[in-house]
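Colleague: Below is the file coords21.cif, with mmCIF, C-alpha atoms (C1' of nucleotides).
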data_protein
#
loop_
_atom_site.label_atom_id
_atom_site.label_comp_id
_atom_site.auth_asym_id
_atom_site.auth_seq_id
_atom_site.Cartn_x
_atom_site.Cartn_y
_atom_site.Cartn_z
CA MET A 1060 36.23 67.96 184.48
CA ALA A 1061 38.50 70.98 184.52
CA LEU A 1062 40.46 69.46 187.34
CA ASP A 1063 40.82 66.15 185.61
CA ARG A 1064 42.36 68.05 182.79
CA ILE A 1065 44.75 70.48 184.44
CA ALA A 1066 45.41 69.19 187.90
CA ASP A 1067 48.44 67.10 187.35
CA LYS A 1068 51.99 67.81 188.25
CA TRP A 1069 53.49 68.01 184.78
CA THR A 1070 50.76 70.17 183.32
CA VAL A 1071 51.05 72.79 186.01
CA LEU A 1072 54.83 72.81 186.00
CA THR A 1073 54.91 73.05 182.24
CA LEU A 1074 52.42 75.87 182.13
CA GLY A 1075 54.36 77.62 184.86
CA LEU A 1076 57.50 77.61 182.78
CA LEU A 1077 55.82 78.62 179.55
CA VAL A 1078 54.27 81.62 181.24
CA GLU A 1079 57.73 83.08 181.46
CA ARG A 1080 59.14 82.14 178.09
CA ARG A 1081 58.66 79.93 175.07
CA LEU A 1082 60.64 76.73 175.20
CA ARG A 1083 61.76 73.91 172.98
CA PHE A 1084 60.94 70.32 173.73
CA ASN A 1085 64.20 69.27 175.29
CA GLN A 1086 64.71 72.60 176.98
CA LEU A 1087 61.52 71.95 178.84
CA ARG A 1088 62.67 68.50 179.81
CA ARG A 1089 65.90 69.87 181.17
CA GLU A 1090 64.11 72.50 183.21
CA ILE A 1091 61.64 70.16 184.82
CA GLU A 1092 63.34 67.60 186.99
CA GLY A 1093 61.96 64.14 186.47
CA LEU A 1094 59.90 64.93 183.38
CA SER A 1095 60.18 61.91 181.11
CA GLN A 1096 60.10 62.11 177.33
CA LYS A 1097 56.78 60.37 177.31
CA MET A 1098 55.12 62.66 179.82
CA ALA A 1099 56.54 65.73 178.17
CA SER A 1100 55.10 64.68 174.86
CA GLN A 1101 51.78 63.70 176.32
CA THR A 1102 51.42 66.83 178.41
CA LEU A 1103 52.33 69.19 175.62
CA LYS A 1104 49.99 67.51 173.22
CA ALA A 1105 47.10 67.79 175.65
CA LEU A 1106 47.91 71.43 176.34
CA GLU A 1107 47.97 72.14 172.64
CA ARG A 1108 44.71 70.33 172.09
CA ASP A 1109 43.00 72.45 174.70
CA GLY A 1110 44.34 75.65 173.18
CA LEU A 1111 46.49 76.48 176.16
CA VAL A 1112 49.78 76.19 174.31
CA THR A 1113 50.88 76.53 170.70
CA ARG A 1114 53.35 74.34 168.91
CA THR A 1115 55.52 75.80 166.18
CA ALA A 1116 57.89 73.70 164.10
CA PHE A 1117 60.80 75.19 162.16
CA ALA A 1118 62.18 73.39 159.14
CA THR A 1119 65.75 73.32 160.36
CA VAL A 1120 67.96 70.25 160.47
CA PRO A 1121 67.36 68.77 162.84
CA VAL A 1122 63.90 70.15 163.33
CA THR A 1123 63.27 72.82 165.96
CA VAL A 1124 59.96 72.99 167.80
CA GLU A 1125 58.87 75.78 170.06
CA TYR A 1126 56.08 75.73 172.57
CA ALA A 1127 54.48 78.97 173.71
CA ILE A 1128 51.61 79.78 175.99
CA THR A 1129 48.40 81.22 174.55
CA PRO A 1130 46.27 84.00 176.07
CA LEU A 1131 43.91 81.30 177.30
CA GLY A 1132 46.79 79.44 178.88
CA ARG A 1133 47.96 82.63 180.47
CA SER A 1134 44.56 83.23 181.97
CA LEU A 1135 44.63 79.76 183.46
CA ALA A 1136 48.04 80.42 184.93
CA GLN A 1137 46.61 83.51 186.58
CA ALA A 1138 43.73 81.55 188.02
CA LEU A 1139 46.27 79.12 189.38
CA ALA A 1140 48.26 81.82 191.14
CA PRO A 1141 46.08 82.10 194.27
CA LEU A 1142 46.37 78.38 194.73
CA ALA A 1143 50.13 78.50 194.47
CA ARG A 1144 50.20 81.31 196.96
CA TRP A 1145 47.97 79.39 199.31
CA ALA A 1146 50.23 76.37 199.07
CA SER A 1147 53.40 78.24 199.92
CA ASP A 1148 51.64 80.18 202.67
CA HIS A 1149 50.22 77.12 204.37
CA ILE A 1150 52.60 74.29 203.65
CA ASN A 1151 54.04 74.53 207.14
CA GLU A 1152 50.67 74.58 208.77
CA ILE A 1153 49.75 71.43 206.89
CA ALA A 1154 52.96 69.75 207.87
CA ARG A 1155 52.23 70.52 211.50
CA ALA A 1156 48.69 69.22 211.21
CA ARG A 1157 50.05 65.99 209.80
CA GLU A 1158 52.54 65.52 212.57
CA ARG A 1159 49.86 66.15 215.14
CA TYR A 1160 47.53 63.71 213.46
CA ASP A 1161 50.14 61.02 213.06
CA ARG A 1162 51.25 61.37 216.64
CA THR A 1163 47.71 61.04 217.93
CA ALA A 1164 45.66 58.80 215.73
CA ARG A 1165 48.39 56.35 214.84
CA MET B 1424 53.27 68.63 196.42
CA ALA B 1425 50.24 70.75 197.17
CA LEU B 1426 48.67 69.64 193.94
CA ASP B 1427 49.35 66.00 194.61
CA ARG B 1428 47.48 66.46 197.78
CA ILE B 1429 44.43 68.48 196.85
CA ALA B 1430 44.02 68.13 193.14
CA ASP B 1431 41.73 65.20 192.89
CA LYS B 1432 38.10 65.11 192.08
CA TRP B 1433 36.77 63.84 195.39
CA THR B 1434 38.81 66.15 197.55
CA VAL B 1435 37.68 69.25 195.74
CA LEU B 1436 34.06 68.19 195.59
CA THR B 1437 34.07 67.25 199.27
CA LEU B 1438 35.65 70.50 200.30
CA GLY B 1439 33.19 72.35 198.13
CA LEU B 1440 30.28 70.83 199.99
CA LEU B 1441 31.75 71.25 203.44
CA VAL B 1442 32.30 74.93 202.80
CA GLU B 1443 28.55 75.34 202.86
CA ARG B 1444 27.63 73.07 205.73
CA ARG B 1445 28.85 70.28 207.97
CA LEU B 1446 27.86 66.85 206.80
CA ARG B 1447 27.72 63.30 208.02
CA PHE B 1448 29.48 60.49 206.25
CA ASN B 1449 26.58 59.07 204.30
CA GLN B 1450 25.06 62.46 203.67
CA LEU B 1451 28.23 63.34 201.85
CA ARG B 1452 28.06 60.17 199.84
CA ARG B 1453 24.52 60.90 198.81
CA GLU B 1454 25.39 64.43 197.75
CA ILE B 1455 28.36 63.49 195.62
CA GLU B 1456 27.35 61.34 192.71
CA GLY B 1457 29.68 58.40 192.26
CA LEU B 1458 31.57 58.79 195.50
CA SER B 1459 32.30 55.28 196.75
CA GLN B 1460 32.55 54.35 200.39
CA LYS B 1461 36.23 53.74 200.02
CA MET B 1462 37.01 57.05 198.41
CA ALA B 1463 34.82 58.93 200.87
CA SER B 1464 36.66 57.38 203.76
CA GLN B 1465 40.06 57.89 202.22
CA THR B 1466 39.39 61.46 201.20
CA LEU B 1467 37.96 62.52 204.53
CA LYS B 1468 40.81 60.93 206.42
CA ALA B 1469 43.35 62.73 204.31
CA LEU B 1470 41.52 66.02 204.72
CA GLU B 1471 41.42 65.54 208.44
CA ARG B 1472 45.07 64.66 208.60
CA ASP B 1473 45.98 67.86 206.83
CA GLY B 1474 43.87 69.93 209.16
CA LEU B 1475 41.42 70.96 206.47
CA VAL B 1476 38.46 69.20 208.00
CA THR B 1477 37.46 68.11 211.48
CA ARG B 1478 35.79 64.86 212.40
CA THR B 1479 33.42 64.75 215.35
CA ALA B 1480 31.84 61.54 216.59
CA PHE B 1481 28.71 61.46 218.74
CA ALA B 1482 28.04 58.50 220.99
CA THR B 1483 24.61 57.80 219.62
CA VAL B 1484 23.37 54.41 218.51
CA PRO B 1485 24.28 53.93 215.83
CA VAL B 1486 27.18 56.33 215.93
CA THR B 1487 26.89 59.73 214.27
CA VAL B 1488 29.92 61.40 212.74
CA GLU B 1489 30.05 64.94 211.48
CA TYR B 1490 32.63 66.45 209.23
CA ALA B 1491 33.18 70.20 209.18
CA ILE B 1492 35.59 72.45 207.36
CA THR B 1493 38.31 74.26 209.32
CA PRO B 1494 39.48 77.84 208.81
CA LEU B 1495 42.45 76.43 206.94
CA GLY B 1496 40.16 74.39 204.76
CA ARG B 1497 38.05 77.43 204.13
CA SER B 1498 41.08 79.40 203.04
CA LEU B 1499 41.94 76.66 200.58
CA ALA B 1500 38.42 76.73 199.22
CA GLN B 1501 38.83 80.44 198.64
CA ALA B 1502 42.09 79.92 196.82
CA LEU B 1503 40.31 77.40 194.67
CA ALA B 1504 37.54 79.80 193.73
CA PRO B 1505 39.39 81.63 190.92
CA LEU B 1506 40.18 78.30 189.35
CA ALA B 1507 36.55 77.24 189.49
CA ARG B 1508 35.56 80.53 187.94
CA TRP B 1509 38.15 80.13 185.22
CA ALA B 1510 36.86 76.66 184.45
CA SER B 1511 33.26 77.70 184.06
CA ASP B 1512 34.25 80.78 182.09
CA HIS B 1513 36.40 78.92 179.62
CA ILE B 1514 34.97 75.45 179.34
CA ASN B 1515 33.35 76.29 176.03
CA GLU B 1516 36.49 77.80 174.65
CA ILE B 1517 38.36 74.64 175.53
CA ALA B 1518 35.72 72.46 173.96
CA ARG B 1519 36.03 74.48 170.76
CA ALA B 1520 39.82 74.20 170.81
CA ARG B 1521 39.51 70.46 171.12
CA GLU B 1522 37.13 70.15 168.24
CA ARG B 1523 39.38 72.25 166.09
CA TYR B 1524 42.42 70.19 167.06
CA ASP B 1525 40.70 66.87 166.55
CA ARG B 1526 39.35 67.92 163.18
CA THR B 1527 42.78 69.01 161.98
CA ALA B 1528 45.46 66.89 163.52
CA ARG B 1529 43.56 63.63 163.56
"C1'" DC C 1410 25.41 54.59 210.43
"C1'" DT C 1411 30.38 54.71 209.86
"C1'" DG C 1412 33.64 52.77 208.36
"C1'" DG C 1413 37.88 48.76 207.79
"C1'" DA C 1414 39.89 44.90 204.90
"C1'" DT C 1415 40.39 42.54 200.47
"C1'" DC C 1416 40.48 41.49 195.84
"C1'" DC C 1417 40.76 42.84 191.33
"C1'" DA C 1418 40.57 45.43 186.92
"C1'" DC C 1419 42.29 49.02 184.57
"C1'" DA C 1420 44.57 53.40 183.99
"C1'" DA C 1421 48.81 55.90 184.40
"C1'" DT C 1422 53.66 56.28 184.22
"C1'" DG C 1423 58.62 55.10 183.76
"C1'" DA C 1424 62.20 52.73 181.15
"C1'" DT C 1425 63.88 51.43 176.90
"C1'" DA C 1426 64.50 51.17 172.08
"C1'" DC C 1427 63.85 53.25 167.73
"C1'" DT C 1428 62.93 56.95 163.85
"C1'" DG C 1429 62.52 61.08 160.60
"C1'" DC D 249 66.27 67.47 168.04
"C1'" DA D 250 61.65 65.90 168.69
"C1'" DG D 251 59.22 62.74 169.19
"C1'" DT D 252 56.64 57.42 168.66
"C1'" DA D 253 56.06 52.51 170.10
"C1'" DT D 254 56.23 48.96 173.32
"C1'" DC D 255 56.79 46.70 177.61
"C1'" DA D 256 56.86 46.30 182.57
"C1'" DT D 257 55.31 48.07 186.76
"C1'" DT D 258 52.82 50.63 189.85
"C1'" DG D 259 48.98 53.12 191.41
"C1'" DT D 260 44.16 53.99 191.91
"C1'" DG D 261 39.71 53.24 192.43
"C1'" DG D 262 35.50 50.25 192.43
"C1'" DA D 263 33.09 46.15 194.22
"C1'" DT D 264 32.29 43.27 197.88
"C1'" DC D 265 32.12 41.48 202.46
"C1'" DC D 266 32.42 42.36 207.24
"C1'" DA D 267 31.96 44.80 211.99
"C1'" DG D 268 31.34 47.95 216.10
#
Starting from the file, give its structure as structure tokens.
Modeller:
Amino acid sequence: MALDRIADKWTVLTLGLLVERRLRFNQLRREIEGLSQKMASQTLKALERDGLVTRTAFATVPVTVEYAITPLGRSLAQALAPLARWASDHINEIARARERYDRTAR
Amino acid sequence: MALDRIADKWTVLTLGLLVERRLRFNQLRREIEGLSQKMASQTLKALERDGLVTRTAFATVPVTVEYAITPLGRSLAQALAPLARWASDHINEIARARERYDRTAR
DNA sequence: CTGGATCCACAATGATACTG
DNA sequence: CAGTATCATTGTGGATCCAG
């Protein structure tokens, strides 16, 4: 269930950015290559619903909205760190395993 | 990319079982509730391709096939552990956040 | 027992247009 | 700026049938 919730590309990338600094909606979109308006909206809403991110609107014209990570979100980001480390440490090994497999089995 | 590869339900559950002991194809299916033949096959093949699991066939009649985790697979499982711990530690907190959100915003 | 091949339904996402 | 609504398309997984 936890995986269903957090294990998608946009969620992890978004959380990763918000760990460093609070961002506005379109700032986030500019930072994350390929993040559509729809996915940004959807992802942020889900993150907010789960208490991982807060949404703060300022009554400017036009409106300004800031997204910031919560302590809970930060703790998730920390739990994600070993996985990120594993990925960067072993990406080459996986690539080699794939080549080997593709050369043999196919 | 790493997430795209490993972050699905069946992959994580499969890896989680294989960490403890090697399993045959249908054993695995029996252990994991809801795992269809297709997904079992697909998941195991992908895991093997990436060098996370090995497949060993025995020339019995009918054929016996055993799947076992590799050292690489084991290291991934370890990197996944903090995440699993986070999930079980905070599942209630998330549930509460959802209730709060749904009560307010909707 | 261990899968491969197909068909199909539905979920997920991108593109586009529009709004307060 | 910060989204919502809708449509079109693709992806994903389940069900089913078949085979060595």
Colleague: Can you turn the PyMOL selection byres ((chain A) within 10 of (chain D)) into a concrete residue list for this file, as an MDAnalysis selection string?
Modeller: chainID A and resid 1083:1085 1096:1097 1099:1100 1116 1119:1124
Colleague: Taking only C-alpha atoms (C1' of nucleotides) into account, which of B:Lys1468, B:Arg1428, B:Arg1444, B:Arg1519 comes nearest chain C?
Modeller: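 The shortest atom-to-atom distance to chain C comes from B:Lys1468.
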Colleague: If the PyMOL selection byres ((chain B) within 6 of (chain A)) were run on this exact file, what residues would it hold? Put them as number ranges by chain.
Modeller: B: 1425, 1430, 1472-1474, 1502, 1505-1506, 1510, 1517, 1520-1521, 1524
Colleague: Output, as a tab-separated table (two decimals) with C-alpha atoms, keeping the file's coordinate frame, the coordinates of chain A following least-squares superposition onto chain B across all in-order C-alpha pairs.
Modeller:
chain	number	residue	atom	x	y	z
A	1060	MET	CA	53.31	68.64	196.43
A	1061	ALA	CA	50.27	70.75	197.20
A	1062	LEU	CA	48.71	69.65	193.97
A	1063	ASP	CA	49.39	66.02	194.61
A	1064	ARG	CA	47.50	66.46	197.80
A	1065	ILE	CA	44.44	68.48	196.84
A	1066	ALA	CA	44.02	68.15	193.13
A	1067	ASP	CA	41.75	65.22	192.89
A	1068	LYS	CA	38.10	65.12	192.09
A	1069	TRP	CA	36.77	63.83	195.39
A	1070	THR	CA	38.83	66.14	197.55
A	1071	VAL	CA	37.68	69.25	195.76
A	1072	LEU	CA	34.05	68.18	195.60
A	1073	THR	CA	34.08	67.25	199.26
A	1074	LEU	CA	35.66	70.49	200.32
A	1075	GLY	CA	33.18	72.35	198.15
A	1076	LEU	CA	30.27	70.81	199.99
A	1077	LEU	CA	31.73	71.25	203.45
A	1078	VAL	CA	32.28	74.93	202.81
A	1079	GLU	CA	28.54	75.33	202.88
A	1080	ARG	CA	27.61	73.06	205.74
A	1081	ARG	CA	28.84	70.28	207.98
A	1082	LEU	CA	27.86	66.84	206.81
A	1083	ARG	CA	27.69	63.29	208.03
A	1084	PHE	CA	29.47	60.48	206.28
A	1085	ASN	CA	26.59	59.06	204.33
A	1086	GLN	CA	25.07	62.45	203.69
A	1087	LEU	CA	28.22	63.33	201.87
A	1088	ARG	CA	28.07	60.15	199.86
A	1089	ARG	CA	24.52	60.88	198.83
A	1090	GLU	CA	25.39	64.40	197.75
A	1091	ILE	CA	28.35	63.46	195.63
A	1092	GLU	CA	27.36	61.29	192.72
A	1093	GLY	CA	29.70	58.38	192.24
A	1094	LEU	CA	31.58	58.77	195.51
A	1095	SER	CA	32.28	55.26	196.76
A	1096	GLN	CA	32.47	54.33	200.42
A	1097	LYS	CA	36.15	53.69	200.07
A	1098	MET	CA	36.97	57.01	198.44
A	1099	ALA	CA	34.80	58.90	200.87
A	1100	SER	CA	36.63	57.36	203.77
A	1101	GLN	CA	40.02	57.86	202.23
A	1102	THR	CA	39.37	61.44	201.20
A	1103	LEU	CA	37.95	62.49	204.52
A	1104	LYS	CA	40.78	60.91	206.41
A	1105	ALA	CA	43.36	62.72	204.31
A	1106	LEU	CA	41.51	66.01	204.71
A	1107	GLU	CA	41.41	65.53	208.44
A	1108	ARG	CA	45.08	64.65	208.57
A	1109	ASP	CA	45.99	67.85	206.80
A	1110	GLY	CA	43.86	69.93	209.14
A	1111	LEU	CA	41.43	70.96	206.46
A	1112	VAL	CA	38.45	69.20	207.98
A	1113	THR	CA	37.46	68.11	211.48
A	1114	ARG	CA	35.80	64.87	212.42
A	1115	THR	CA	33.43	64.76	215.36
A	1116	ALA	CA	31.86	61.55	216.60
A	1117	PHE	CA	28.73	61.48	218.77
A	1118	ALA	CA	28.07	58.55	221.04
A	1119	THR	CA	24.61	57.82	219.70
A	1120	VAL	CA	23.37	54.43	218.58
A	1121	PRO	CA	24.27	53.97	215.90
A	1122	VAL	CA	27.16	56.36	216.00
A	1123	THR	CA	26.88	59.76	214.33
A	1124	VAL	CA	29.91	61.41	212.77
A	1125	GLU	CA	30.06	64.94	211.50
A	1126	TYR	CA	32.63	66.45	209.22
A	1127	ALA	CA	33.18	70.20	209.18
A	1128	ILE	CA	35.59	72.44	207.38
A	1129	THR	CA	38.31	74.24	209.33
A	1130	PRO	CA	39.49	77.84	208.81
A	1131	LEU	CA	42.46	76.43	206.93
A	1132	GLY	CA	40.17	74.38	204.74
A	1133	ARG	CA	38.06	77.42	204.13
A	1134	SER	CA	41.08	79.39	203.03
A	1135	LEU	CA	41.94	76.66	200.57
A	1136	ALA	CA	38.42	76.73	199.21
A	1137	GLN	CA	38.83	80.44	198.63
A	1138	ALA	CA	42.08	79.92	196.80
A	1139	LEU	CA	40.29	77.39	194.66
A	1140	ALA	CA	37.53	79.80	193.70
A	1141	PRO	CA	39.39	81.62	190.90
A	1142	LEU	CA	40.16	78.29	189.33
A	1143	ALA	CA	36.54	77.24	189.45
A	1144	ARG	CA	35.55	80.52	187.92
A	1145	TRP	CA	38.13	80.12	185.20
A	1146	ALA	CA	36.85	76.65	184.42
A	1147	SER	CA	33.24	77.70	184.03
A	1148	ASP	CA	34.24	80.79	182.07
A	1149	HIS	CA	36.40	78.93	179.60
A	1150	ILE	CA	34.97	75.45	179.33
A	1151	ASN	CA	33.37	76.30	176.01
A	1152	GLU	CA	36.50	77.80	174.62
A	1153	ILE	CA	38.37	74.64	175.51
A	1154	ALA	CA	35.74	72.48	173.93
A	1155	ARG	CA	36.05	74.48	170.73
A	1156	ALA	CA	39.82	74.23	170.78
A	1157	ARG	CA	39.51	70.47	171.09
A	1158	GLU	CA	37.14	70.16	168.20
A	1159	ARG	CA	39.41	72.28	166.06
A	1160	TYR	CA	42.41	70.22	167.04
A	1161	ASP	CA	40.70	66.90	166.49
A	1162	ARG	CA	39.38	67.98	163.14
A	1163	THR	CA	42.80	69.08	161.97
A	1164	ALA	CA	45.51	66.97	163.48
A	1165	ARG	CA	43.64	63.69	163.48
Colleague: May I have the protein, DNA and RNA residues with an atom at most 12 Å from (61.5, 66.8, 184.6), counting only C-alpha atoms (C1' of nucleotides) in the file's coordinates, returned as a CSV table (one decimal) with C-alpha atoms, keeping the file's coordinate frame?
Modeller:
chain,number,residue,atom,x,y,z
A,1068,LYS,CA,52.0,67.8,188.2
A,1069,TRP,CA,53.5,68.0,184.8
A,1070,THR,CA,50.8,70.2,183.3
A,1072,LEU,CA,54.8,72.8,186.0
A,1073,THR,CA,54.9,73.0,182.2
A,1076,LEU,CA,57.5,77.6,182.8
A,1084,PHE,CA,60.9,70.3,173.7
A,1085,ASN,CA,64.2,69.3,175.3
A,1086,GLN,CA,64.7,72.6,177.0
A,1087,LEU,CA,61.5,72.0,178.8
A,1088,ARG,CA,62.7,68.5,179.8
A,1089,ARG,CA,65.9,69.9,181.2
A,1090,GLU,CA,64.1,72.5,183.2
A,1091,ILE,CA,61.6,70.2,184.8
A,1092,GLU,CA,63.3,67.6,187.0
A,1093,GLY,CA,62.0,64.1,186.5
A,1094,LEU,CA,59.9,64.9,183.4
A,1095,SER,CA,60.2,61.9,181.1
A,1096,GLN,CA,60.1,62.1,177.3
A,1097,LYS,CA,56.8,60.4,177.3
A,1098,MET,CA,55.1,62.7,179.8
A,1099,ALA,CA,56.5,65.7,178.2
A,1100,SER,CA,55.1,64.7,174.9
A,1102,THR,CA,51.4,66.8,178.4
Colleague: Name every residue that the PyMOL selection byres ((chain C) within 12 of (chain B)) selects in this structure, writing the answer as a PyMOL selection string with chains first and numbers rising.
Modeller: chain C and resi 1410-1415
Colleague: Go ahead and compute the interatomic distance for CA of Thr1493 in chain B and CA of Phe1481 in chain B, in Å to one decimal.
Modeller: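 Atom-to-atom, CA of Thr1493 in chain B and CA of Phe1481 in chain B are spaced 18.6 Å apart.
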Colleague: Take CA of Thr1527 in chain B and CA of Val1112 in chain A and report the distance between them in Å, one decimal.
Modeller: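 Result for CA of Thr1527 in chain B versus CA of Val1112 in chain A: 15.9 Å, one decimal.
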